[in-house]
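Next up, structure_16.pdb (PDB, C-alpha atoms and all ligand atoms):
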ATOM      1  CA  MET A   1      49.507 169.746  90.562  1.00  0.00           C
ATOM      2  CA  ARG A   2      50.310 166.281  91.844  1.00  0.00           C
ATOM      3  CA  LEU A   3      51.277 163.277  89.731  1.00  0.00           C
ATOM      4  CA  ARG A   4      47.948 161.528  90.245  1.00  0.00           C
ATOM      5  CA  GLN A   5      45.966 164.671  89.365  1.00  0.00           C
ATOM      6  CA  LEU A   6      47.942 165.086  86.160  1.00  0.00           C
ATOM      7  CA  GLU A   7      47.373 161.429  85.286  1.00  0.00           C
ATOM      8  CA  ILE A   8      43.627 161.801  85.770  1.00  0.00           C
ATOM      9  CA  ALA A   9      43.507 164.980  83.685  1.00  0.00           C
ATOM     10  CA  LEU A  10      45.424 163.335  80.828  1.00  0.00           C
ATOM     11  CA  GLN A  11      43.451 160.092  81.104  1.00  0.00           C
ATOM     12  CA  GLY A  12      40.279 161.937  80.153  1.00  0.00           C
ATOM     13  CA  LEU A  13      41.615 163.214  76.828  1.00  0.00           C
ATOM     14  CA  ALA A  14      40.482 161.961  73.430  1.00  0.00           C
ATOM     15  CA  GLY A  15      42.783 159.627  71.480  1.00  0.00           C
ATOM     16  CA  PHE A  16      43.402 159.133  67.762  1.00  0.00           C
ATOM     17  CA  SER A  17      40.169 158.540  65.891  1.00  0.00           C
ATOM     18  CA  GLY A  18      41.835 156.324  63.256  1.00  0.00           C
ATOM     19  CA  PRO A  19      45.442 155.620  64.247  1.00  0.00           C
ATOM     20  CA  ARG A  20      47.820 155.274  61.297  1.00  0.00           C
ATOM     21  CA  ALA A  21      50.323 152.455  61.761  1.00  0.00           C
ATOM     22  CA  ALA A  22      52.884 153.891  59.331  1.00  0.00           C
ATOM     23  CA  LEU A  23      53.198 156.975  61.544  1.00  0.00           C
ATOM     24  CA  GLU A  24      53.299 154.819  64.698  1.00  0.00           C
ATOM     25  CA  GLN A  25      50.363 156.730  66.080  1.00  0.00           C
ATOM     26  CA  TYR A  26      49.383 155.856  69.588  1.00  0.00           C
ATOM     27  CA  THR A  27      48.581 158.099  72.467  1.00  0.00           C
ATOM     28  CA  THR A  28      51.152 158.043  75.245  1.00  0.00           C
ATOM     29  CA  PRO A  29      49.251 156.408  78.106  1.00  0.00           C
ATOM     30  CA  ALA A  30      48.540 158.889  80.912  1.00  0.00           C
ATOM     31  CA  PRO A  31      50.741 157.161  83.542  1.00  0.00           C
ATOM     32  CA  LEU A  32      53.774 157.197  81.228  1.00  0.00           C
ATOM     33  CA  ALA A  33      53.104 160.752  80.036  1.00  0.00           C
ATOM     34  CA  ALA A  34      52.801 161.919  83.652  1.00  0.00           C
ATOM     35  CA  ARG A  35      56.029 160.105  84.505  1.00  0.00           C
ATOM     36  CA  LEU A  36      57.968 161.830  81.741  1.00  0.00           C
ATOM     37  CA  LEU A  37      56.464 165.221  82.568  1.00  0.00           C
ATOM     38  CA  PHE A  38      57.209 164.926  86.275  1.00  0.00           C
ATOM     39  CA  LEU A  39      60.784 164.031  85.471  1.00  0.00           C
ATOM     40  CA  ALA A  40      60.954 167.305  83.524  1.00  0.00           C
ATOM     41  CA  ALA A  41      59.123 169.302  86.202  1.00  0.00           C
ATOM     42  CA  GLY A  42      61.484 167.931  88.852  1.00  0.00           C
ATOM     43  CA  HIS A  43      64.424 169.393  86.945  1.00  0.00           C
ATOM     44  CA  GLY A  44      62.694 172.779  86.723  1.00  0.00           C
ATOM     45  CA  ASP A  45      62.401 172.342  82.960  1.00  0.00           C
ATOM     46  CA  LEU A  46      58.663 173.106  82.625  1.00  0.00           C
ATOM     47  CA  GLU A  47      57.396 175.850  84.903  1.00  0.00           C
ATOM     48  CA  GLY A  48      57.764 179.194  83.143  1.00  0.00           C
ATOM     49  CA  ARG A  49      59.683 177.490  80.308  1.00  0.00           C
ATOM     50  CA  SER A  50      58.948 177.477  76.595  1.00  0.00           C
ATOM     51  CA  VAL A  51      58.222 173.983  75.343  1.00  0.00           C
ATOM     52  CA  LEU A  52      58.148 172.279  71.941  1.00  0.00           C
ATOM     53  CA  ASP A  53      56.353 168.950  71.522  1.00  0.00           C
ATOM     54  CA  LEU A  54      57.589 167.084  68.428  1.00  0.00           C
ATOM     55  CA  GLY A  55      55.041 164.706  66.892  1.00  0.00           C
ATOM     56  CA  ALA A  56      52.399 166.053  69.238  1.00  0.00           C
ATOM     57  CA  GLY A  57      49.679 163.648  68.067  1.00  0.00           C
ATOM     58  CA  THR A  58      46.565 164.250  70.119  1.00  0.00           C
ATOM     59  CA  GLY A  59      48.476 166.639  72.340  1.00  0.00           C
ATOM     60  CA  VAL A  60      48.872 164.695  75.575  1.00  0.00           C
ATOM     61  CA  LEU A  61      52.452 165.804  76.275  1.00  0.00           C
ATOM     62  CA  ALA A  62      52.016 169.408  75.109  1.00  0.00           C
ATOM     63  CA  CYS A  63      48.838 169.848  77.156  1.00  0.00           C
ATOM     64  CA  GLY A  64      50.490 168.211  80.149  1.00  0.00           C
ATOM     65  CA  THR A  65      53.423 170.637  80.069  1.00  0.00           C
ATOM     66  CA  ALA A  66      50.969 173.561  79.981  1.00  0.00           C
ATOM     67  CA  LEU A  67      49.145 172.124  82.998  1.00  0.00           C
ATOM     68  CA  LEU A  68      52.508 172.052  84.789  1.00  0.00           C
ATOM     69  CA  GLY A  69      53.128 175.726  84.110  1.00  0.00           C
ATOM     70  CA  ALA A  70      54.985 175.802  80.784  1.00  0.00           C
ATOM     71  CA  VAL A  71      54.415 178.976  78.787  1.00  0.00           C
ATOM     72  CA  GLY A  72      54.567 179.350  75.032  1.00  0.00           C
ATOM     73  CA  VAL A  73      53.887 175.679  74.336  1.00  0.00           C
ATOM     74  CA  THR A  74      54.055 174.631  70.670  1.00  0.00           C
ATOM     75  CA  GLY A  75      53.086 171.247  69.261  1.00  0.00           C
ATOM     76  CA  VAL A  76      54.211 170.117  65.798  1.00  0.00           C
ATOM     77  CA  GLU A  77      52.404 167.242  64.119  1.00  0.00           C
ATOM     78  CA  VAL A  78      52.278 165.987  60.545  1.00  0.00           C
ATOM     79  CA  ASP A  79      48.732 164.621  60.679  1.00  0.00           C
ATOM     80  CA  PRO A  80      46.011 167.315  60.563  1.00  0.00           C
ATOM     81  CA  ALA A  81      43.370 164.884  61.865  1.00  0.00           C
ATOM     82  CA  ALA A  82      45.424 164.330  65.024  1.00  0.00           C
ATOM     83  CA  LEU A  83      45.806 168.094  65.442  1.00  0.00           C
ATOM     84  CA  GLU A  84      42.027 168.493  65.373  1.00  0.00           C
ATOM     85  CA  VAL A  85      41.833 166.142  68.354  1.00  0.00           C
ATOM     86  CA  ALA A  86      44.714 167.988  70.032  1.00  0.00           C
ATOM     87  CA  ARG A  87      42.835 171.291  69.704  1.00  0.00           C
ATOM     88  CA  THR A  88      39.770 169.803  71.325  1.00  0.00           C
ATOM     89  CA  ASN A  89      41.889 168.327  74.113  1.00  0.00           C
ATOM     90  CA  ALA A  90      43.578 171.650  74.864  1.00  0.00           C
ATOM     91  CA  SER A  91      40.306 173.517  75.047  1.00  0.00           C
ATOM     92  CA  ARG A  92      38.830 170.799  77.239  1.00  0.00           C
ATOM     93  CA  LEU A  93      41.702 171.360  79.678  1.00  0.00           C
ATOM     94  CA  GLY A  94      41.616 175.126  79.246  1.00  0.00           C
ATOM     95  CA  VAL A  95      45.275 175.346  78.220  1.00  0.00           C
ATOM     96  CA  GLU A  96      46.948 177.454  75.531  1.00  0.00           C
ATOM     97  CA  VAL A  97      48.998 175.527  72.986  1.00  0.00           C
ATOM     98  CA  GLU A  98      50.032 176.655  69.523  1.00  0.00           C
ATOM     99  CA  TRP A  99      49.475 173.759  67.128  1.00  0.00           C
ATOM    100  CA  VAL A 100      51.579 173.671  63.992  1.00  0.00           C
ATOM    101  CA  GLU A 101      51.028 171.254  61.128  1.00  0.00           C
ATOM    102  CA  GLY A 102      54.362 170.119  59.769  1.00  0.00           C
ATOM    103  CA  ASP A 103      57.049 167.490  59.422  1.00  0.00           C
ATOM    104  CA  VAL A 104      59.746 167.401  62.106  1.00  0.00           C
ATOM    105  CA  ALA A 105      62.271 166.611  59.349  1.00  0.00           C
ATOM    106  CA  ASP A 106      61.463 169.948  57.707  1.00  0.00           C
ATOM    107  CA  LEU A 107      60.080 172.223  60.404  1.00  0.00           C
ATOM    108  CA  PRO A 108      57.792 174.996  59.169  1.00  0.00           C
ATOM    109  CA  ALA A 109      58.874 178.629  59.408  1.00  0.00           C
ATOM    110  CA  PRO A 110      57.962 179.937  62.840  1.00  0.00           C
ATOM    111  CA  VAL A 111      59.304 176.855  64.610  1.00  0.00           C
ATOM    112  CA  ARG A 112      62.367 176.376  62.400  1.00  0.00           C
ATOM    113  CA  ASP A 113      63.855 179.675  63.578  1.00  0.00           C
ATOM    114  CA  ARG A 114      62.937 179.481  67.246  1.00  0.00           C
ATOM    115  CA  SER A 115      64.665 177.873  70.136  1.00  0.00           C
ATOM    116  CA  PHE A 116      62.890 176.434  73.145  1.00  0.00           C
ATOM    117  CA  ASP A 117      63.922 175.797  76.714  1.00  0.00           C
ATOM    118  CA  THR A 118      62.569 172.262  76.611  1.00  0.00           C
ATOM    119  CA  VAL A 119      61.534 169.720  73.995  1.00  0.00           C
ATOM    120  CA  VAL A 120      59.262 166.785  74.833  1.00  0.00           C
ATOM    121  CA  MET A 121      58.588 163.913  72.474  1.00  0.00           C
ATOM    122  CA  ASN A 122      57.411 160.376  72.155  1.00  0.00           C
ATOM    123  CA  PRO A 123      58.857 159.692  68.721  1.00  0.00           C
ATOM    124  CA  PRO A 124      58.090 156.692  66.526  1.00  0.00           C
ATOM    125  CA  PHE A 125      60.344 153.858  67.689  1.00  0.00           C
ATOM    126  CA  GLY A 126      61.131 152.904  64.122  1.00  0.00           C
ATOM    127  CA  ALA A 127      59.022 149.747  64.293  1.00  0.00           C
ATOM    128  CA  GLN A 128      57.373 150.565  60.954  1.00  0.00           C
ATOM    129  CA  VAL A 129      59.964 152.770  59.297  1.00  0.00           C
ATOM    130  CA  ARG A 130      63.597 152.141  60.242  1.00  0.00           C
ATOM    131  CA  HIS A 131      65.292 155.104  61.948  1.00  0.00           C
ATOM    132  CA  ALA A 132      62.012 157.043  61.997  1.00  0.00           C
ATOM    133  CA  ASP A 133      63.127 158.506  65.335  1.00  0.00           C
ATOM    134  CA  ARG A 134      66.252 160.140  63.884  1.00  0.00           C
ATOM    135  CA  PRO A 135      64.654 163.305  62.457  1.00  0.00           C
ATOM    136  CA  PHE A 136      63.035 163.739  65.873  1.00  0.00           C
ATOM    137  CA  VAL A 137      66.381 163.572  67.669  1.00  0.00           C
ATOM    138  CA  ASP A 138      67.894 165.975  65.111  1.00  0.00           C
ATOM    139  CA  ALA A 139      65.084 168.522  65.455  1.00  0.00           C
ATOM    140  CA  ALA A 140      64.993 168.199  69.236  1.00  0.00           C
ATOM    141  CA  LEU A 141      68.716 168.884  69.683  1.00  0.00           C
ATOM    142  CA  ALA A 142      68.617 171.779  67.220  1.00  0.00           C
ATOM    143  CA  ARG A 143      65.601 173.513  68.756  1.00  0.00           C
ATOM    144  CA  GLY A 144      65.716 172.702  72.478  1.00  0.00           C
ATOM    145  CA  ARG A 145      68.299 173.194  75.221  1.00  0.00           C
ATOM    146  CA  ILE A 146      66.911 170.233  77.168  1.00  0.00           C
ATOM    147  CA  VAL A 147      65.144 167.275  75.570  1.00  0.00           C
ATOM    148  CA  TYR A 148      62.871 164.667  77.124  1.00  0.00           C
ATOM    149  CA  GLY A 149      62.072 161.658  75.005  1.00  0.00           C
ATOM    150  CA  ILE A 150      60.626 158.181  75.329  1.00  0.00           C
ATOM    151  CA  PHE A 151      62.669 155.451  73.684  1.00  0.00           C
ATOM    152  CA  ASN A 152      62.629 151.668  73.532  1.00  0.00           C
ATOM    153  CA  ARG A 153      64.472 150.256  76.511  1.00  0.00           C
ATOM    154  CA  GLY A 154      67.921 149.112  75.431  1.00  0.00           C
ATOM    155  CA  SER A 155      68.167 151.641  72.620  1.00  0.00           C
ATOM    156  CA  LEU A 156      70.005 154.221  74.741  1.00  0.00           C
ATOM    157  CA  PRO A 157      73.482 153.283  73.439  1.00  0.00           C
ATOM    158  CA  PHE A 158      72.191 153.795  69.883  1.00  0.00           C
ATOM    159  CA  VAL A 159      70.526 157.075  70.812  1.00  0.00           C
ATOM    160  CA  THR A 160      73.635 158.451  72.525  1.00  0.00           C
ATOM    161  CA  SER A 161      75.896 157.352  69.705  1.00  0.00           C
ATOM    162  CA  TYR A 162      73.529 159.005  67.211  1.00  0.00           C
ATOM    163  CA  VAL A 163      73.478 162.178  69.344  1.00  0.00           C
ATOM    164  CA  GLY A 164      77.288 162.155  69.384  1.00  0.00           C
ATOM    165  CA  ASP A 165      78.868 165.544  70.104  1.00  0.00           C
ATOM    166  CA  ARG A 166      75.548 167.330  69.747  1.00  0.00           C
ATOM    167  CA  GLY A 167      74.519 166.593  73.316  1.00  0.00           C
ATOM    168  CA  GLU A 168      74.725 164.349  76.333  1.00  0.00           C
ATOM    169  CA  CYS A 169      72.324 162.104  78.181  1.00  0.00           C
ATOM    170  CA  THR A 170      71.981 163.304  81.771  1.00  0.00           C
ATOM    171  CA  GLU A 171      69.361 160.832  82.975  1.00  0.00           C
ATOM    172  CA  ALA A 172      67.443 157.738  81.876  1.00  0.00           C
ATOM    173  CA  VAL A 173      64.545 156.296  83.850  1.00  0.00           C
ATOM    174  CA  ALA A 174      63.063 152.867  83.102  1.00  0.00           C
ATOM    175  CA  ALA A 175      59.294 152.811  82.554  1.00  0.00           C
ATOM    176  CA  GLU A 176      56.625 150.787  80.775  1.00  0.00           C
ATOM    177  CA  LEU A 177      54.398 151.699  77.915  1.00  0.00           C
ATOM    178  CA  VAL A 178      51.201 149.722  78.355  1.00  0.00           C
ATOM    179  CA  LEU A 179      49.061 149.833  75.238  1.00  0.00           C
ATOM    180  CA  PRO A 180      45.601 148.437  74.621  1.00  0.00           C
ATOM    181  CA  ARG A 181      45.165 146.710  71.278  1.00  0.00           C
ATOM    182  CA  SER A 182      44.632 149.527  68.800  1.00  0.00           C
ATOM    183  CA  MET A 183      45.900 148.237  65.483  1.00  0.00           C
ATOM    184  CA  ARG A 184      45.038 145.220  63.439  1.00  0.00           C
ATOM    185  CA  HIS A 185      48.568 143.812  63.455  1.00  0.00           C
ATOM    186  CA  HIS A 186      48.541 143.647  67.272  1.00  0.00           C
ATOM    187  CA  THR A 187      47.796 140.120  68.406  1.00  0.00           C
ATOM    188  CA  LYS A 188      47.339 140.558  72.177  1.00  0.00           C
ATOM    189  CA  ASP A 189      44.760 142.646  74.079  1.00  0.00           C
ATOM    190  CA  ARG A 190      47.458 144.516  75.931  1.00  0.00           C
ATOM    191  CA  VAL A 191      51.129 144.972  75.299  1.00  0.00           C
ATOM    192  CA  ALA A 192      53.639 146.233  77.836  1.00  0.00           C
ATOM    193  CA  ILE A 193      56.659 147.680  76.090  1.00  0.00           C
ATOM    194  CA  PRO A 194      59.731 148.390  78.247  1.00  0.00           C
ATOM    195  CA  VAL A 195      60.854 151.939  77.562  1.00  0.00           C
ATOM    196  CA  GLU A 196      63.139 154.605  78.918  1.00  0.00           C
ATOM    197  CA  CYS A 197      62.381 158.241  79.701  1.00  0.00           C
ATOM    198  CA  VAL A 198      65.540 160.027  78.646  1.00  0.00           C
ATOM    199  CA  ARG A 199      66.816 163.536  79.411  1.00  0.00           C
ATOM    200  CA  LEU A 200      69.328 165.015  76.982  1.00  0.00           C
ATOM    201  CA  ARG A 201      71.195 168.301  77.207  1.00  0.00           C
ATOM    202  CA  SER A 202      71.832 169.829  73.804  1.00  0.00           C
ATOM    203  CA  ARG A 203      75.142 171.426  72.923  1.00  0.00           C
ATOM    204  CA  VAL A 204      73.935 172.799  69.606  1.00  0.00           C
ATOM    205  CA  ALA A 205      70.614 174.567  70.337  1.00  0.00           C
TER     206      ALA A 205
HETATM  207  N1  LIG B   1      53.143 162.814  71.256  1.00  0.00           N
HETATM  208  C1  LIG B   1      51.879 162.102  71.115  1.00  0.00           C
HETATM  209  C2  LIG B   1      51.867 161.118  69.929  1.00  0.00           C
HETATM  210  C3  LIG B   1      52.970 160.089  69.920  1.00  0.00           C
HETATM  211  S1  LIG B   1      52.845 159.011  68.505  1.00  0.00           S
HETATM  212  C4  LIG B   1      51.592 161.422  72.400  1.00  0.00           C
HETATM  213  O1  LIG B   1      52.501 161.345  73.226  1.00  0.00           O
HETATM  214  O2  LIG B   1      50.485 160.938  72.615  1.00  0.00           O
HETATM  215  C5  LIG B   1      54.000 159.763  67.377  1.00  0.00           C
HETATM  216  C6  LIG B   1      53.391 160.948  66.630  1.00  0.00           C
HETATM  217  O3  LIG B   1      54.377 161.472  65.726  1.00  0.00           O
HETATM  218  C7  LIG B   1      52.172 160.611  65.777  1.00  0.00           C
HETATM  219  O4  LIG B   1      51.132 161.502  66.062  1.00  0.00           O
HETATM  220  C8  LIG B   1      52.647 160.788  64.336  1.00  0.00           C
HETATM  221  O5  LIG B   1      51.634 161.220  63.459  1.00  0.00           O
HETATM  222  C9  LIG B   1      53.727 161.818  64.502  1.00  0.00           C
HETATM  223  N2  LIG B   1      54.753 161.805  63.476  1.00  0.00           N
HETATM  224  C10 LIG B   1      55.368 160.729  62.913  1.00  0.00           C
HETATM  225  N3  LIG B   1      56.284 161.119  62.018  1.00  0.00           N
HETATM  226  C11 LIG B   1      56.259 162.491  62.023  1.00  0.00           C
HETATM  227  C12 LIG B   1      57.010 163.486  61.324  1.00  0.00           C
HETATM  228  N4  LIG B   1      57.945 163.158  60.463  1.00  0.00           N
HETATM  229  N5  LIG B   1      56.735 164.795  61.598  1.00  0.00           N
HETATM  230  C13 LIG B   1      55.769 165.146  62.475  1.00  0.00           C
HETATM  231  N6  LIG B   1      55.035 164.237  63.168  1.00  0.00           N
HETATM  232  C14 LIG B   1      55.272 162.934  62.943  1.00  0.00           C
END

Output the file's structure as structure tokens, nothing else.
Amino acid sequence: MRLRQLEIALQGLAGFSGPRAALEQYTTPAPLAARLLFLAAGHGDLEGRSVLDLGAGTGVLACGTALLGAVGVTGVEVDPAALEVARTNASRLGVEVEWVEGDVADLPAPVRDRSFDTVVMNPPFGAQVRHADRPFVDAALARGRIVYGIFNRGSLPFVTSYVGDRGECTEAVAAELVLPRSMRHHTKDRVAIPVECVRLRSRVA
């Protein structure tokens, strides 16, 4: 599958029906999702690999990894309403994903004891709740050998210092997260947030 095809497939998926600001719920826009996933595919981290999506939301990243040949894809998400949408999205694409309702800070049983080849995540940036991304980084390093995450541009030094001895950053690619206005506290029609697609190698998984 080519980048553009993946983008089109992901573009057609349903988004959050009532996004909750406190959880920083927004769907990763298809171009950014495709960018992150192609970075992973290029490293051979998706095809035939087991994948865990942390904070799967409406399932864009999890479904995308399945489209790119990942096997045994699991998505964890705290909000059951988002998981309903994710289920619909997966069946629309005809991909198999196991959806698990749970908090990344306290992973539920089957996921807590498993390890995955690759973790993908677009964690909350901590705009609403300070350090909201930390439990995501913790869970990702503990459960996945390789981790792909989207972070605010400029936060990489903080991320790597938080990761510490638990892993290393092997690549960071600048990208943009272009969001339509989806929440009441947004004042512009469109916001372009500079971000980074980051690849981490875990030393503790
Ligand atoms: N991965 C999706 C959604 C990103 S938004 C996508 O790329 O489109 C971040 C998601 O993390 C939201 O769906 C939110 O509900 C979820 N989330 C926030 N805190 C969480 C937690 N502690 N445990 C599990 N999911 C959480």

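Minimum distance to Gly102 of chain A across A:Val137, A:Cys63, A:Cys169, A:Leu83 (counting all atoms listed in the file) occurs at A:Leu83.
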
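Residues in contact with ligand LIG 1 (chain B) comprise Leu23, Glu24, Gln25, Tyr26, Thr27, Thr28, Gly55, Ala56, Gly57, Thr58, Gly59, Val60, Leu61, Glu77, Val78, Asp79, Gly102, Asp103, Val104, Ala105, Met121, Asn122, Pro123 and Pro124 of chain A, where contact means an atom-to-atom distance of at most 6 Å counting all atoms listed in the file.
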
>> Suppose a student applies the PyMOL selection byres (((chain A and resi 126) around 12) and not hetatm) to this structure; what residues should they get, written as JSON, numbers by chain?
In response: {"A": [21, 22, 23, 24, 25, 122, 123, 124, 125, 127, 128, 129, 130, 131, 132, 133, 134, 135, 136, 151, 152, 155]}

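The protein and nucleic acid residues lying at most 12 Å from Val163 of chain A are Asp133, Arg134, Pro135, Phe136, Val137, Asp138, Ala139, Ala140, Leu141, Ala142, Val147, Leu156, Pro157, Phe158, Val159, Gly167, Glu168, Cys169, Leu200, Arg201, Ser202, Arg203 and Val204 of chain A, with all atoms listed in the file considered and sequence neighbours fewer than 4 positions away removed.
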
> What is the atom CA of Gly64 of chain A to atom CA of Arg166 of chain A distance in Å?
Replying inline: 27.1 Å

> Of the candidates A:Ala14, A:Glu171, A:Ala30, A:His43, which shows the shortest atom-to-atom distance to Arg87 of chain A, using all atoms listed in the file?
Replying inline: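 Looking only at the distances to Arg87 of chain A, the closest residue turns out to be A:Ala14.
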
> Do you have the atom CA of Ala205 of chain A-atom CA of Ser115 of chain A distance handy?
Replying inline: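 Going from atom CA of Ala205 of chain A over to atom CA of Ser115 of chain A covers 6.8 Å.
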
>> Starting from the PyMOL selection byres (((chain A and resi 173) around 10) and not hetatm), expand the selection into actual residues of this file and give them as a list in words.
In response: Arg35, Leu36, Leu39, Ile150, Arg153, Glu171, Ala172, Ala174, Ala175, Val195, Glu196, Cys197, Val198 and Arg199 of chain A

Expected file: the selected residues, C-alpha atoms, as a PDB file, keeping the file's coordinate frame:
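That gives us result35.pdb:
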ATOM      1  CA  ARG A  35      56.029 160.105  84.505  1.00  0.00           C
ATOM      2  CA  LEU A  36      57.968 161.830  81.741  1.00  0.00           C
ATOM      3  CA  LEU A  39      60.784 164.031  85.471  1.00  0.00           C
ATOM      4  CA  ILE A 150      60.626 158.181  75.329  1.00  0.00           C
ATOM      5  CA  ARG A 153      64.472 150.256  76.511  1.00  0.00           C
ATOM      6  CA  GLU A 171      69.361 160.832  82.975  1.00  0.00           C
ATOM      7  CA  ALA A 172      67.443 157.738  81.876  1.00  0.00           C
ATOM      8  CA  ALA A 174      63.063 152.867  83.102  1.00  0.00           C
ATOM      9  CA  ALA A 175      59.294 152.811  82.554  1.00  0.00           C
ATOM     10  CA  VAL A 195      60.854 151.939  77.562  1.00  0.00           C
ATOM     11  CA  GLU A 196      63.139 154.605  78.918  1.00  0.00           C
ATOM     12  CA  CYS A 197      62.381 158.241  79.701  1.00  0.00           C
ATOM     13  CA  VAL A 198      65.540 160.027  78.646  1.00  0.00           C
ATOM     14  CA  ARG A 199      66.816 163.536  79.411  1.00  0.00           C
TER      15      ARG A 199
END

>> Please determine, counting all atoms listed in the file, which residue among A:Thr88, A:Gln11, A:Thr65, A:Ser50 has the shortest atom-to-atom distance to Asp117 of chain A.
In response: A:Ser50

All file atoms of segment 73-82 of chain A boxed axis-aligned, 4 Å per side, centre plus edges, as AutoDock Vina command-line options:
--center_x 48.8 --center_y 170.0 --center_z 67.4 --size_x 18.8 --size_y 19.3 --size_z 21.8

> What do you get, as a count of residues only, if you spell out every residue that the PyMOL selection byres (((chain A and resi 74) around 6) and not hetatm) selects here?
Replying inline: 6

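Nearest residue to Phe16 of chain A, choosing from A:Met1, A:Ala82, A:Ala109, A:Leu179 and counting all atoms listed in the file: A:Ala82.
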
> Phe116 of chain A: which residues within 6 Å, counting only C-alpha atoms, same-chain residues fewer than 4 positions away excluded, as a PyMOL selection string?
Replying inline: chain A and resi 50-51+143-144

>> Nearest residue to Asp45 of chain A out of A:Pro19, A:His185, A:Thr160, A:Val119, using all atoms listed in the file?
In response: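 Selected residue with least distance to Asp45 of chain A: A:Val119.
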